[in-house]
Amino acid sequence: GKFKPQEVANVLRALACFDTSPSQESVRMVESLAVRLLSMREQLSVGDKSQLHQWLLFCELHPGWRGQLPMSMQNVKEEHGGSSREAFALEAPATSRLQANVAKQLRRLFPELKVEEEYEDARSGYRIDIRAEMSGRENASDTGSGAGRVWAVE
């Protein structure tokens with residue numbers, strides 16, 4: 001239990017970015033991280049809570065994690081769920097150079113696309129780096145943290 005709050009938040013965010021499915025090892029790791037979070041409840045910064053919100057949102061949306069969180073992480077969700085969402089909403093979006101370049105190239109290569117940067121999904125409150133829409137279909141590319149994830153927005 002020597003991880004600092006930022007280190008715990010970074011590991012949880014990485015698990016979400018890499019779309020980690022629950023395994024015996026990952027569940028044990030999440031359980032340990034949750035216990036550590038609960039022991040540091042007063043030390044969590046706005047940034048830590050923002051990353052925690054992203055992990056909790058990932059767990060709600062991921063079919064493998066939904067309903068299978070260890071009890072310790074459920075306790076984290078109960079204790080920090082509301083404040084982590086508030087922290088996430090308070091953080092000002094920051095456009096990276098990579099994000100700006102990807103958006104620029106999408107506009108150049110596909111002029112028929114409607115490209116929006118820093119799109120916020122009203123339903124979840126999650127911000128997506130780039131949202132591209134064409135002929136009634138929506139696809140969004142999340143270039144955050146270099147993860148290169150592709151998101152479908154309904």
# chains A, B, ... in the order shown; residues from 1 in each chain; ligands from 1
$ residues_around --residues "Ser45 in chain A" --least-positions-apart "4" --cutoff "9 Å" --atoms "only C-alpha atoms" --output "PyMOL selection string"
chain A and resi 5-6+49-50+87
$ write_last_selection --atoms "N, CA, C and O atoms" --output "JSON list (two decimals), in the first residue's frame"
[["chain", "number", "residue", "atom", "x", "y", "z"],
["A", 5, "PRO", "N", -2.08, 8.69, -4.40],
["A", 5, "PRO", "CA", -3.38, 8.80, -5.08],
["A", 5, "PRO", "C", -3.25, 8.92, -6.61],
["A", 5, "PRO", "O", -3.98, 8.26, -7.35],
["A", 6, "GLN", "N", -2.32, 9.73, -7.09],
["A", 6, "GLN", "CA", -2.16, 9.92, -8.54],
["A", 6, "GLN", "C", -1.75, 8.61, -9.21],
["A", 6, "GLN", "O", -2.21, 8.29, -10.30],
["A", 49, "LYS", "N", -9.73, 12.34, -8.81],
["A", 49, "LYS", "CA", -11.16, 12.00, -8.86],
["A", 49, "LYS", "C", -11.68, 11.97, -10.29],
["A", 49, "LYS", "O", -12.53, 11.16, -10.63],
["A", 50, "SER", "N", -11.15, 12.85, -11.13],
["A", 50, "SER", "CA", -11.55, 12.86, -12.54],
["A", 50, "SER", "C", -11.17, 11.55, -13.21],
["A", 50, "SER", "O", -11.96, 10.96, -13.95],
["A", 87, "ALA", "N", -15.82, 16.28, -10.31],
["A", 87, "ALA", "CA", -14.44, 16.63, -10.63],
["A", 87, "ALA", "C", -14.19, 16.52, -12.12],
["A", 87, "ALA", "O", -13.54, 17.38, -12.73]]
$ residues_around --residues "range 57-71 of chain A" --least-positions-apart "3" --cutoff "8 Å" --atoms "only C-alpha atoms" --output "VMD selection string"
chain A and resid 16 21 to 22 27 30 to 31 53 to 54 74 to 75
$ select_by_dssp --residues "range 16-83 of chain A" --states "alpha helix (DSSP H)" --output "JSON, numbers by chain"
{"A": [16, 17, 24, 25, 26, 27, 28, 29, 30, 31, 32, 33, 34, 35, 36, 37, 38, 39, 46, 47, 48, 49, 50, 51, 52, 53, 54, 55, 56, 57, 58, 59, 60, 61, 71, 72, 73, 74, 75, 76, 77, 78, 79, 80, 81, 82, 83]}
$ write_last_selection --atoms "C-alpha atoms" --output "PDB file, in the first residue's frame"
ATOM      1  CA  ALA A  16      -9.875   1.579 -18.900  1.00  0.00           C
ATOM      2  CA  CYS A  17      -7.796   2.840 -21.859  1.00  0.00           C
ATOM      3  CA  GLN A  24      -8.518 -13.302 -11.795  1.00  0.00           C
ATOM      4  CA  GLU A  25      -5.399 -11.091 -11.789  1.00  0.00           C
ATOM      5  CA  SER A  26      -7.087  -7.862 -12.873  1.00  0.00           C
ATOM      6  CA  VAL A  27      -9.890  -8.298 -10.320  1.00  0.00           C
ATOM      7  CA  ARG A  28      -7.311  -8.816  -7.547  1.00  0.00           C
ATOM      8  CA  MET A  29      -5.419  -5.732  -8.727  1.00  0.00           C
ATOM      9  CA  VAL A  30      -8.604  -3.616  -8.836  1.00  0.00           C
ATOM     10  CA  GLU A  31      -9.527  -4.843  -5.382  1.00  0.00           C
ATOM     11  CA  SER A  32      -6.114  -3.810  -4.011  1.00  0.00           C
ATOM     12  CA  LEU A  33      -6.331  -0.413  -5.716  1.00  0.00           C
ATOM     13  CA  ALA A  34      -9.811   0.145  -4.295  1.00  0.00           C
ATOM     14  CA  VAL A  35      -8.650  -0.650  -0.762  1.00  0.00           C
ATOM     15  CA  ARG A  36      -5.785   1.815  -1.252  1.00  0.00           C
ATOM     16  CA  LEU A  37      -8.189   4.495  -2.539  1.00  0.00           C
ATOM     17  CA  LEU A  38     -10.429   4.055   0.479  1.00  0.00           C
ATOM     18  CA  SER A  39      -7.442   4.452   2.798  1.00  0.00           C
ATOM     19  CA  VAL A  46      -9.640  16.882  -8.403  1.00  0.00           C
ATOM     20  CA  GLY A  47      -7.456  15.259 -11.083  1.00  0.00           C
ATOM     21  CA  ASP A  48      -7.381  11.945  -9.203  1.00  0.00           C
ATOM     22  CA  LYS A  49     -11.156  12.002  -8.859  1.00  0.00           C
ATOM     23  CA  SER A  50     -11.555  12.862 -12.538  1.00  0.00           C
ATOM     24  CA  GLN A  51      -9.528   9.799 -13.521  1.00  0.00           C
ATOM     25  CA  LEU A  52     -11.492   7.718 -11.032  1.00  0.00           C
ATOM     26  CA  HIS A  53     -14.701   8.851 -12.751  1.00  0.00           C
ATOM     27  CA  GLN A  54     -13.353   7.609 -16.085  1.00  0.00           C
ATOM     28  CA  TRP A  55     -12.641   4.202 -14.541  1.00  0.00           C
ATOM     29  CA  LEU A  56     -16.091   4.006 -12.939  1.00  0.00           C
ATOM     30  CA  LEU A  57     -17.746   5.016 -16.215  1.00  0.00           C
ATOM     31  CA  PHE A  58     -15.725   2.372 -18.052  1.00  0.00           C
ATOM     32  CA  CYS A  59     -16.945  -0.237 -15.548  1.00  0.00           C
ATOM     33  CA  GLU A  60     -20.576   0.781 -16.094  1.00  0.00           C
ATOM     34  CA  LEU A  61     -20.223   0.457 -19.864  1.00  0.00           C
ATOM     35  CA  MET A  71     -17.018  -5.117  -3.121  1.00  0.00           C
ATOM     36  CA  SER A  72     -14.125  -2.785  -2.294  1.00  0.00           C
ATOM     37  CA  MET A  73     -14.529  -0.994  -5.669  1.00  0.00           C
ATOM     38  CA  GLN A  74     -18.286  -0.831  -5.144  1.00  0.00           C
ATOM     39  CA  ASN A  75     -17.500   0.934  -1.854  1.00  0.00           C
ATOM     40  CA  VAL A  76     -15.249   3.374  -3.759  1.00  0.00           C
ATOM     41  CA  LYS A  77     -18.099   4.002  -6.198  1.00  0.00           C
ATOM     42  CA  GLU A  78     -20.554   4.673  -3.374  1.00  0.00           C
ATOM     43  CA  GLU A  79     -18.134   6.970  -1.566  1.00  0.00           C
ATOM     44  CA  HIS A  80     -16.576   8.826  -4.497  1.00  0.00           C
ATOM     45  CA  GLY A  81     -18.959   8.317  -7.432  1.00  0.00           C
ATOM     46  CA  GLY A  82     -20.697  11.686  -7.147  1.00  0.00           C
ATOM     47  CA  SER A  83     -17.610  13.711  -6.309  1.00  0.00           C
TER      48      SER A  83
END
$ atom_distance --atom1 "CA of Arg97 in chain A" --atom2 "CA of Ala132 in chain A"
17.9 Å
